[in-house]
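Undergrad: Contents of model09.tsv (TSV, C-alpha atoms and all ligand atoms):
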chain	number	residue	atom	x	y	z
A	1197	MET	CA	148.65	209.75	138.16
A	1198	TYR	CA	152.26	208.98	137.35
A	1199	ASN	CA	152.74	211.59	134.68
A	1200	ASN	CA	156.19	210.77	133.61
A	1201	ASN	CA	157.05	214.19	132.34
A	1202	ASN	CA	159.83	213.89	129.86
A	1203	ASN	CA	162.56	215.19	132.13
A	1204	ASN	CA	165.85	213.62	131.43
A	1205	ILE	CA	166.63	211.46	134.41
A	1206	ASN	CA	170.19	212.66	134.83
A	1207	ASN	CA	169.21	216.30	134.76
A	1208	ASN	CA	166.69	215.66	137.40
A	1209	ILE	CA	169.17	214.06	139.70
A	1210	ASN	CA	171.85	216.64	139.14
A	1211	ASN	CA	169.33	219.27	140.12
A	1212	ASN	CA	168.50	217.40	143.26
A	1213	ILE	CA	172.05	216.77	144.25
A	1214	LYS	CA	173.38	220.24	143.59
A	1215	GLY	CA	170.27	222.08	144.65
A	1216	ILE	CA	168.64	222.57	147.97
A	1217	LYS	CA	170.02	220.74	150.98
A	1218	LYS	CA	167.32	218.62	152.53
A	1219	ILE	CA	167.02	217.67	156.16
A	1220	LEU	CA	164.47	215.07	157.09
A	1221	THR	CA	163.38	213.31	160.22
A	1222	GLY	CA	160.45	211.16	161.26
A	1223	ILE	CA	158.74	210.95	164.62
A	1224	LYS	CA	157.03	207.71	165.50
A	1225	PRO	CA	153.72	208.30	167.31
A	1226	THR	CA	153.92	205.48	169.82
A	1227	GLY	CA	153.22	207.34	173.03
A	1228	THR	CA	152.23	210.55	174.70
A	1229	PRO	CA	155.21	212.87	174.25
A	1230	HIS	CA	157.32	213.08	177.40
A	1231	LEU	CA	160.21	215.10	178.72
A	1232	GLY	CA	162.78	212.69	177.24
A	1233	ASN	CA	161.26	213.20	173.77
A	1234	TYR	CA	161.34	216.95	174.24
A	1235	LEU	CA	164.93	217.23	175.43
A	1236	GLY	CA	166.28	214.47	173.18
A	1237	ALA	CA	164.49	215.19	169.92
A	1238	ILE	CA	162.07	218.08	169.79
A	1239	ALA	CA	164.21	220.82	171.33
A	1240	PRO	CA	167.38	220.02	169.30
A	1241	ALA	CA	165.37	219.78	166.08
A	1242	LEU	CA	163.67	223.12	166.67
A	1243	GLN	CA	167.01	224.64	167.56
A	1244	TYR	CA	168.43	223.27	164.33
A	1245	ILE	CA	165.65	224.82	162.28
A	1246	HIS	CA	166.03	228.05	164.16
A	1247	ASP	CA	169.81	228.18	163.58
A	1248	HIS	CA	169.56	227.45	159.90
A	1249	ASP	CA	166.29	229.09	159.07
A	1250	GLY	CA	166.36	228.47	155.36
A	1251	HIS	CA	170.15	228.46	154.94
A	1252	ASP	CA	173.06	226.50	156.34
A	1253	ASN	CA	176.39	227.99	157.40
A	1254	GLN	CA	177.69	227.86	153.85
A	1255	ASN	CA	174.63	229.82	152.89
A	1256	GLN	CA	173.20	226.93	150.98
A	1257	GLU	CA	169.43	226.80	150.86
A	1258	VAL	CA	168.01	224.30	153.34
A	1259	GLU	CA	164.62	222.65	153.32
A	1260	SER	CA	163.47	220.70	156.36
A	1261	TYR	CA	160.99	217.87	156.33
A	1262	TYR	CA	159.45	216.71	159.58
A	1263	PHE	CA	156.90	213.98	159.46
A	1264	ILE	CA	154.82	211.75	161.68
A	1265	ALA	CA	155.75	208.16	160.94
A	1266	ASP	CA	152.31	206.74	161.59
A	1267	TYR	CA	152.73	203.62	159.49
A	1268	HIS	CA	155.83	202.78	161.49
A	1269	ALA	CA	153.73	203.00	164.64
A	1270	LEU	CA	151.32	200.45	163.18
A	1271	THR	CA	153.97	197.78	163.64
A	1272	THR	CA	153.17	197.87	167.35
A	1273	ILE	CA	149.98	199.84	167.96
A	1274	HIS	CA	146.85	198.04	166.89
A	1275	ASP	CA	144.24	200.05	168.76
A	1276	PRO	CA	142.66	202.57	166.35
A	1277	LYS	CA	141.67	205.10	169.00
A	1278	ILE	CA	145.04	205.05	170.67
A	1279	LEU	CA	146.97	205.32	167.40
A	1280	HIS	CA	144.78	208.16	166.18
A	1281	ASN	CA	145.27	210.01	169.43
A	1282	TYR	CA	149.06	209.57	169.46
A	1283	ILE	CA	149.23	210.97	165.93
A	1284	LEU	CA	147.32	214.08	166.99
A	1285	GLU	CA	149.36	214.43	170.18
A	1286	VAL	CA	152.66	214.26	168.35
A	1287	ALA	CA	151.53	216.83	165.78
A	1288	ALA	CA	150.16	219.14	168.46
A	1289	THR	CA	153.34	218.82	170.53
A	1290	TRP	CA	155.63	219.97	167.76
A	1291	VAL	CA	153.44	222.91	166.93
A	1292	ALA	CA	152.99	223.78	170.61
A	1293	PHE	CA	156.76	224.10	171.00
A	1294	GLY	CA	156.98	226.40	168.05
A	1295	LEU	CA	157.47	224.36	164.90
A	1296	ASP	CA	156.60	226.81	162.15
A	1297	VAL	CA	154.61	224.92	159.54
A	1298	ASN	CA	155.32	227.69	157.05
A	1299	LYS	CA	159.06	227.21	157.29
A	1300	THR	CA	159.18	223.43	157.35
A	1301	VAL	CA	157.38	220.75	155.44
A	1302	PHE	CA	155.43	219.14	158.27
A	1303	PHE	CA	153.37	216.16	157.20
A	1304	ARG	CA	152.02	212.73	158.00
A	1305	GLN	CA	153.65	209.71	156.37
A	1306	SER	CA	150.29	208.10	155.57
A	1307	ASP	CA	149.30	211.17	153.52
A	1308	ILE	CA	152.03	210.30	151.05
A	1309	PRO	CA	151.13	207.04	149.26
A	1310	GLN	CA	154.35	207.23	147.24
A	1311	VAL	CA	156.20	206.09	150.37
A	1312	MET	CA	154.46	202.74	150.20
A	1313	GLU	CA	155.20	202.29	146.53
A	1314	LEU	CA	158.86	203.14	146.94
A	1315	SER	CA	159.01	200.87	149.94
A	1316	TRP	CA	157.98	197.91	147.79
A	1317	ILE	CA	160.47	198.82	145.09
A	1318	LEU	CA	163.28	199.15	147.64
A	1319	GLY	CA	162.28	195.86	149.20
A	1320	CYS	CA	163.29	194.24	145.93
A	1321	PHE	CA	166.80	195.61	146.46
A	1322	SER	CA	167.09	194.81	150.16
A	1323	SER	CA	168.76	191.60	151.09
A	1324	LYS	CA	166.95	189.48	153.61
A	1325	GLY	CA	170.21	189.08	155.50
A	1326	LEU	CA	170.34	192.83	156.01
A	1327	MET	CA	166.94	192.72	157.70
A	1328	ASN	CA	168.01	189.76	159.83
A	1329	ARG	CA	170.75	191.94	161.27
A	1330	ALA	CA	168.54	194.89	162.24
A	1331	HIS	CA	168.81	195.51	166.01
A	1332	ALA	CA	165.10	195.89	166.77
A	1333	TYR	CA	164.21	192.65	165.03
A	1334	LYS	CA	167.17	190.82	166.53
A	1335	ALA	CA	166.21	191.94	170.03
A	1336	LEU	CA	162.76	190.38	169.63
A	1337	LEU	CA	164.29	187.21	168.26
A	1338	ASP	CA	166.69	187.00	171.20
A	1339	GLN	CA	163.87	187.56	173.62
A	1340	ASN	CA	161.90	184.68	172.10
A	1341	THR	CA	164.94	182.45	172.20
A	1342	CYS	CA	165.49	183.36	175.85
A	1343	ASN	CA	161.88	182.48	176.62
A	1344	GLU	CA	162.29	179.21	174.72
A	1345	ASP	CA	159.53	180.35	172.37
A	1346	ASP	CA	159.36	179.91	168.62
A	1347	PRO	CA	162.01	182.42	167.44
A	1348	ASP	CA	159.47	184.26	165.25
A	1349	ALA	CA	156.67	184.34	167.82
A	1350	GLY	CA	154.78	187.64	167.78
A	1351	ILE	CA	157.02	189.21	165.11
A	1352	ASN	CA	155.01	190.65	162.23
A	1353	MET	CA	156.34	191.49	158.78
A	1354	GLY	CA	156.00	195.20	159.55
A	1355	VAL	CA	158.59	194.84	162.28
A	1356	TYR	CA	160.80	192.80	159.98
A	1357	THR	CA	160.67	195.22	157.03
A	1358	TYR	CA	160.60	198.36	159.19
A	1359	PRO	CA	164.03	199.44	157.89
A	1360	VAL	CA	162.83	199.25	154.27
A	1361	LEU	CA	159.92	201.59	154.97
A	1362	MET	CA	162.29	203.93	156.76
A	1363	ALA	CA	164.66	203.85	153.79
A	1364	ALA	CA	161.70	204.79	151.58
A	1365	ASP	CA	160.91	207.76	153.85
A	1366	ILE	CA	164.45	208.98	153.57
A	1367	LEU	CA	165.21	208.28	149.92
A	1368	LEU	CA	161.86	209.50	148.60
A	1369	PHE	CA	162.76	213.06	149.56
A	1370	ASP	CA	166.37	213.02	148.37
A	1371	SER	CA	167.38	213.70	151.95
A	1372	ASP	CA	170.93	214.86	152.65
A	1373	LEU	CA	170.88	214.88	156.42
A	1374	VAL	CA	168.81	212.79	158.77
A	1375	PRO	CA	169.05	213.83	162.44
A	1376	VAL	CA	168.15	210.89	164.68
A	1377	GLY	CA	168.78	209.37	168.05
A	1378	GLN	CA	171.69	206.97	168.44
A	1379	ASP	CA	169.36	203.95	168.25
A	1380	GLN	CA	168.34	204.86	164.69
A	1381	ILE	CA	171.80	205.07	163.17
A	1382	GLN	CA	171.71	201.46	162.03
A	1383	HIS	CA	168.52	202.21	160.11
A	1384	ILE	CA	170.25	205.01	158.25
A	1385	GLU	CA	173.12	202.66	157.42
A	1386	ILE	CA	170.57	200.22	156.04
A	1387	ALA	CA	168.98	202.98	153.95
A	1388	ARG	CA	172.43	203.72	152.54
A	1389	ASP	CA	173.02	200.04	151.78
A	1390	ILE	CA	169.71	199.84	149.94
A	1391	ALA	CA	170.41	203.03	147.98
A	1392	LYS	CA	173.82	201.67	147.09
A	1393	ALA	CA	172.37	198.40	145.80
A	1394	PHE	CA	169.89	200.34	143.70
A	1395	ASN	CA	172.44	202.83	142.39
A	1396	SER	CA	175.00	200.21	141.52
A	1397	ARG	CA	172.39	198.46	139.38
A	1398	TYR	CA	170.97	201.56	137.66
A	1399	GLY	CA	173.33	204.50	138.14
A	1400	LYS	CA	175.12	205.66	135.01
A	1401	ASP	CA	178.48	207.39	134.62
A	1402	GLY	CA	178.85	207.87	138.33
A	1403	VAL	CA	175.46	209.56	138.61
A	1404	ASP	CA	173.30	208.13	141.38
A	1405	ILE	CA	169.58	207.68	141.00
A	1406	LEU	CA	168.95	207.75	144.73
A	1407	LYS	CA	170.74	210.31	146.84
A	1408	MET	CA	172.96	208.96	149.63
A	1409	PRO	CA	171.69	210.23	152.98
A	1410	ASN	CA	173.86	210.97	156.00
A	1411	GLY	CA	172.71	210.41	159.54
A	1412	ILE	CA	173.54	212.89	162.27
A	1413	VAL	CA	173.24	211.80	165.86
A	1414	ARG	CA	171.80	214.26	168.28
A	1415	LYS	CA	174.56	214.18	170.82
A	1416	GLU	CA	173.50	217.17	172.85
A	1417	VAL	CA	171.47	215.33	175.42
A	1418	ALA	CA	172.57	212.15	177.08
A	1419	VAL	CA	169.96	209.53	177.84
A	1420	LEU	CA	167.61	211.12	180.32
A	1421	PRO	CA	166.93	208.92	183.32
A	1422	GLY	CA	163.29	208.45	184.29
A	1423	LEU	CA	161.62	208.92	187.66
A	1424	ASP	CA	163.12	205.66	188.93
A	1425	GLY	CA	166.63	206.30	187.62
A	1426	ARG	CA	166.37	203.95	184.62
A	1427	LYS	CA	166.26	205.39	181.08
A	1428	MET	CA	163.13	207.51	180.63
A	1429	SER	CA	160.92	205.36	178.49
A	1430	LYS	CA	157.28	204.65	178.03
A	1431	SER	CA	157.94	200.95	178.46
A	1432	TYR	CA	159.30	201.48	181.99
A	1433	ASN	CA	156.37	203.68	182.90
A	1434	ASN	CA	158.77	206.21	184.41
A	1435	THR	CA	158.26	209.21	182.13
A	1436	ILE	CA	157.31	212.78	182.82
A	1437	PRO	CA	154.62	213.58	180.23
A	1438	LEU	CA	155.00	217.11	178.91
A	1439	PHE	CA	151.50	218.43	179.15
A	1440	LEU	CA	150.20	217.34	182.49
A	1441	PRO	CA	148.15	219.90	184.38
A	1442	SER	CA	150.31	221.83	186.87
A	1443	ASP	CA	149.26	219.92	189.97
A	1444	LYS	CA	149.95	216.53	188.37
A	1445	LEU	CA	153.31	217.70	187.09
A	1446	ARG	CA	154.22	218.78	190.60
A	1447	LYS	CA	153.21	215.41	192.00
A	1448	LEU	CA	155.38	213.56	189.50
A	1449	ILE	CA	158.40	215.73	190.14
A	1450	MET	CA	158.02	215.10	193.84
A	1451	LYS	CA	158.26	211.39	193.02
A	1452	ILE	CA	161.74	211.62	191.47
A	1453	LYS	CA	163.99	209.17	193.25
A	1454	THR	CA	166.63	210.74	195.50
A	1455	ASP	CA	169.13	209.44	198.03
A	1456	SER	CA	168.63	209.58	201.78
A	1457	SER	CA	170.93	212.53	202.46
A	1458	GLY	CA	169.52	215.02	204.97
A	1459	PRO	CA	168.23	218.52	204.08
A	1460	THR	CA	171.48	220.33	204.96
A	1461	GLU	CA	173.93	217.75	203.61
A	1462	PRO	CA	175.91	218.69	200.48
A	1463	LYS	CA	174.70	216.98	197.31
A	1464	ASN	CA	176.43	216.17	194.07
A	1465	PRO	CA	174.56	218.05	191.32
A	1466	ASP	CA	176.09	215.88	188.58
A	1467	ASP	CA	174.58	212.84	190.17
A	1468	SER	CA	171.09	214.22	190.44
A	1469	LEU	CA	168.26	213.88	187.96
A	1470	ILE	CA	166.68	216.95	189.52
A	1471	PHE	CA	169.71	219.05	188.68
A	1472	THR	CA	169.99	217.49	185.21
A	1473	ILE	CA	166.46	218.46	184.29
A	1474	TYR	CA	166.77	221.82	186.02
A	1475	SER	CA	169.83	222.65	183.90
A	1476	GLU	CA	167.95	221.98	180.70
A	1477	PHE	CA	165.42	224.70	181.44
A	1478	ALA	CA	167.53	227.14	183.46
A	1479	SER	CA	169.58	230.11	182.33
A	1480	GLU	CA	173.33	229.84	182.84
A	1481	GLU	CA	173.03	231.98	185.94
A	1482	GLN	CA	170.19	229.99	187.47
A	1483	LYS	CA	172.11	226.84	186.77
A	1484	ASN	CA	175.25	228.05	188.53
A	1485	GLN	CA	173.28	229.23	191.53
A	1486	MET	CA	171.48	225.91	191.83
A	1487	LYS	CA	174.78	224.09	191.55
A	1488	GLN	CA	176.16	226.07	194.47
A	1489	ARG	CA	173.08	225.35	196.55
A	1490	PHE	CA	173.46	221.64	195.86
A	1491	LEU	CA	177.07	221.79	196.97
A	1492	ASN	CA	176.16	223.76	200.10
A	1493	GLY	CA	173.25	221.48	200.89
A	1494	ILE	CA	169.66	221.94	199.76
A	1495	ALA	CA	166.66	219.92	200.90
A	1496	TRP	CA	165.42	217.56	198.20
A	1497	GLY	CA	161.88	218.86	198.63
A	1498	GLN	CA	163.05	222.41	198.02
A	1499	ALA	CA	165.07	221.45	194.94
A	1500	LYS	CA	162.07	219.59	193.56
A	1501	GLN	CA	159.76	222.53	194.20
A	1502	GLU	CA	162.10	224.86	192.33
A	1503	LEU	CA	162.43	222.43	189.46
A	1504	PHE	CA	158.66	222.25	189.28
A	1505	GLU	CA	158.29	226.03	189.21
A	1506	LEU	CA	160.87	226.42	186.48
A	1507	MET	CA	159.35	223.72	184.30
A	1508	ASP	CA	155.79	224.75	184.92
A	1509	ASN	CA	156.61	228.26	183.86
A	1510	PHE	CA	158.37	227.07	180.72
A	1511	LEU	CA	155.57	224.67	179.80
A	1512	LYS	CA	152.72	227.04	180.44
A	1513	ASN	CA	152.28	228.43	176.93
A	1514	PRO	CA	153.04	225.20	175.05
A	1515	ARG	CA	150.55	223.41	177.32
A	1516	GLU	CA	147.84	225.90	176.48
A	1517	LYS	CA	148.52	225.62	172.78
A	1518	PHE	CA	148.63	221.83	172.98
A	1519	ASN	CA	145.33	221.65	174.82
A	1520	TYR	CA	143.74	224.03	172.35
A	1521	LEU	CA	144.88	221.94	169.38
A	1522	MET	CA	143.83	218.67	170.98
A	1523	SER	CA	140.34	219.98	171.47
A	1524	ASN	CA	140.32	221.34	167.91
A	1525	PRO	CA	141.72	218.51	165.79
A	1526	ASP	CA	140.49	220.25	162.63
A	1527	GLU	CA	143.15	222.86	163.31
A	1528	ILE	CA	145.79	220.14	163.34
A	1529	GLU	CA	144.51	218.85	160.02
A	1530	LYS	CA	144.78	222.35	158.57
A	1531	LEU	CA	148.38	222.60	159.75
A	1532	LEU	CA	149.27	219.31	158.12
A	1533	LYS	CA	147.66	220.20	154.82
A	1534	ARG	CA	150.37	222.51	153.50
A	1535	GLY	CA	153.06	219.96	154.33
A	1536	LYS	CA	151.10	217.25	152.60
A	1537	GLU	CA	150.78	219.26	149.40
A	1538	LEU	CA	154.48	220.11	149.26
A	1539	ALA	CA	155.62	216.62	150.23
A	1540	LEU	CA	153.40	215.07	147.54
A	1541	ILE	CA	155.10	217.12	144.86
A	1542	SER	CA	158.64	216.13	145.93
A	1543	ALA	CA	157.62	212.52	146.43
A	1544	GLN	CA	156.03	212.18	143.02
A	1545	LYS	CA	159.13	213.61	141.34
A	1546	THR	CA	161.37	211.01	142.92
A	1547	LEU	CA	158.94	208.20	142.29
A	1548	ASN	CA	158.62	209.14	138.59
A	1549	ARG	CA	162.39	209.04	138.32
A	1550	VAL	CA	162.59	205.67	140.04
A	1551	ARG	CA	159.75	204.11	138.06
A	1552	LYS	CA	161.31	205.23	134.81
A	1553	THR	CA	164.64	203.86	135.95
A	1554	ILE	CA	163.32	200.38	136.70
A	1555	GLY	CA	161.21	200.18	133.54
A	1556	ILE	CA	157.78	200.64	135.08
A	1557	ASN	CA	155.88	203.73	134.06
A	1601	LIG	N1	162.34	204.90	163.21
A	1601	LIG	C1	162.37	206.24	163.70
A	1601	LIG	C2	162.25	206.19	165.24
A	1601	LIG	O1	161.76	205.22	165.77
A	1601	LIG	C3	161.26	207.08	163.14
A	1601	LIG	C4	161.39	207.25	161.66
A	1601	LIG	C5	160.60	206.69	160.70
A	1601	LIG	C6	162.38	208.03	160.99
A	1601	LIG	N2	161.03	207.07	159.46
A	1601	LIG	C7	162.12	207.88	159.60
A	1601	LIG	C8	163.45	208.83	161.43
A	1601	LIG	C9	162.92	208.51	158.64
A	1601	LIG	C10	164.24	209.47	160.47
A	1601	LIG	C11	163.98	209.30	159.10
A	1601	LIG	O2	162.62	207.13	165.88
Let me see the file written as structure tokens.
TA:
Amino acid sequence: MYNNNNNNINNNINNNIKGIKKILTGIKPTGTPHLGNYLGAIAPALQYIHDHDGHDNQNQEVESYYFIADYHALTTIHDPKILHNYILEVAATWVAFGLDVNKTVFFRQSDIPQVMELSWILGCFSSKGLMNRAHAYKALLDQNTCNEDDPDAGINMGVYTYPVLMAADILLFDSDLVPVGQDQIQHIEIARDIAKAFNSRYGKDGVDILKMPNGIVRKEVAVLPGLDGRKMSKSYNNTIPLFLPSDKLRKLIMKIKTDSSGPTEPKNPDDSLIFTIYSEFASEEQKNQMKQRFLNGIAWGQAKQELFELMDNFLKNPREKFNYLMSNPDEIEKLLKRGKELALISAQKTLNRVRKTIGIN
């Protein structure tokens, strides 16, 4: 399986570093995709692909890798039916919003066994102290301490070594740029630390074995508040799922928390979740008009109804496509097949290089 074709290691790396620019990001299937996921991650990523479409602004060739990080989800989701369904939902969502599987390498992490092998190798270059400092792990530890529990209660090794697996995802594909949410930046820093430890042991004459990735934070959208005004998050149960049937979507929008100002009183658009969401889907002109109507006074019910109509119209086609794919999971498998084949080739190349480097091949 590990045909270590006699490529000179340095040549290989030089090709990778000078060659195509690679953009990679992973999506963890831990919930039914909601509006916050769409505005915060899916829309900016699709826009990015659209803007670059094979080339960046210096006309360098760009390859984008988008994958479903299903093994990362296993750290928390231990119900097989639920996990399986989330994986399908995430895949169907991206395709429903227009991800072109012929222009990107769209795959599932678990289809690429090389990730697991690299993850072990990288683990041997990751200091335990680095893992101790990872935010997600530390938060659980703090929570246990607060509850006067055993500090390690309920923390599995998957949670603890999560950053190593993520480093493997990133480094396996010689990624240059990794667009993520703000909360993932520390994980990219950890991936860089691990790559650095590896390179400083094995790199020769200033040539790295593992390419240093750079994180880019998606700044475009601030944290979207949920129905109750707190951050929109599955754990607060305050999300607006993307593919609800029309009538349910309308009901949820009507539930958005508002103040008690009367129907003709002026309202501050910048203070209103309704206006925030409206702006994301509206044209510039619609947005300005709605702003004026807020300032002049609009009834909350009316504003909500118009938000619903705008969103429902926007979501109509993606919803149809999503529902079609969810009732035809074989179609989803077909879409993931091309990505799997391409990702396997890249992954094996890197892994051959790494295995040769460490003296195992
Ligand atoms: N940890 C990321 C998140 O929770 C998902 C992820 C897994 C990822 N592997 C990755 C993101 C590699 C970017 C690159 O959002």
Undergrad: What residues have any atom no more than 7 Å from ligand LIG 1601 (chain A) when counting all atoms listed in the file, and can you list them as number ranges by chain?
TA: A: 1220-1224, 1265, 1268, 1362-1363, 1365-1366, 1374-1377, 1380
Undergrad: What does the structure give for the distance between atom CA of A:Arg1414 and atom CA of A:Gly1325, in Å to one decimal?
TA: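 Atom-to-atom, atom CA of A:Arg1414 and atom CA of A:Gly1325 are spaced 28.3 Å apart.
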Undergrad: Using Å and a single decimal, report how far atom CA of A:Gly1215 sits from atom CA of A:Trp1290.
TA: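 Value for the atom CA of A:Trp1290-atom CA of A:Gly1215 distance: 27.4 Å.
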Undergrad: One decimal, Å: what's the distance from atom CA of A:Glu1476 over to atom CA of A:Pro1240, could you say?
TA: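 It comes out at 11.6 Å.
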Undergrad: Between A:Gly1497, A:Gly1294, A:Pro1465, A:Pro1421, which residue has the minimum interatomic distance to A:Arg1515, considering only C-alpha atoms?
TA: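 Residue with the minimum atom-to-atom distance to A:Arg1515: A:Gly1294.
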Undergrad: Quick one: residues within 12 Å of (156.8, 206.0, 185.3) (file frame), counting only C-alpha atoms, please, as JSON, numbers by chain.
TA: {"A": [1230, 1231, 1421, 1422, 1423, 1424, 1425, 1426, 1427, 1428, 1429, 1430, 1431, 1432, 1433, 1434, 1435, 1436, 1437, 1448, 1449, 1451, 1452, 1453]}
Undergrad: Considering all atoms listed in the file, can you say which of A:Tyr1474, A:Phe1302, A:Tyr1333, A:Tyr1358 comes closest to A:Gly1319?
TA: A:Tyr1358
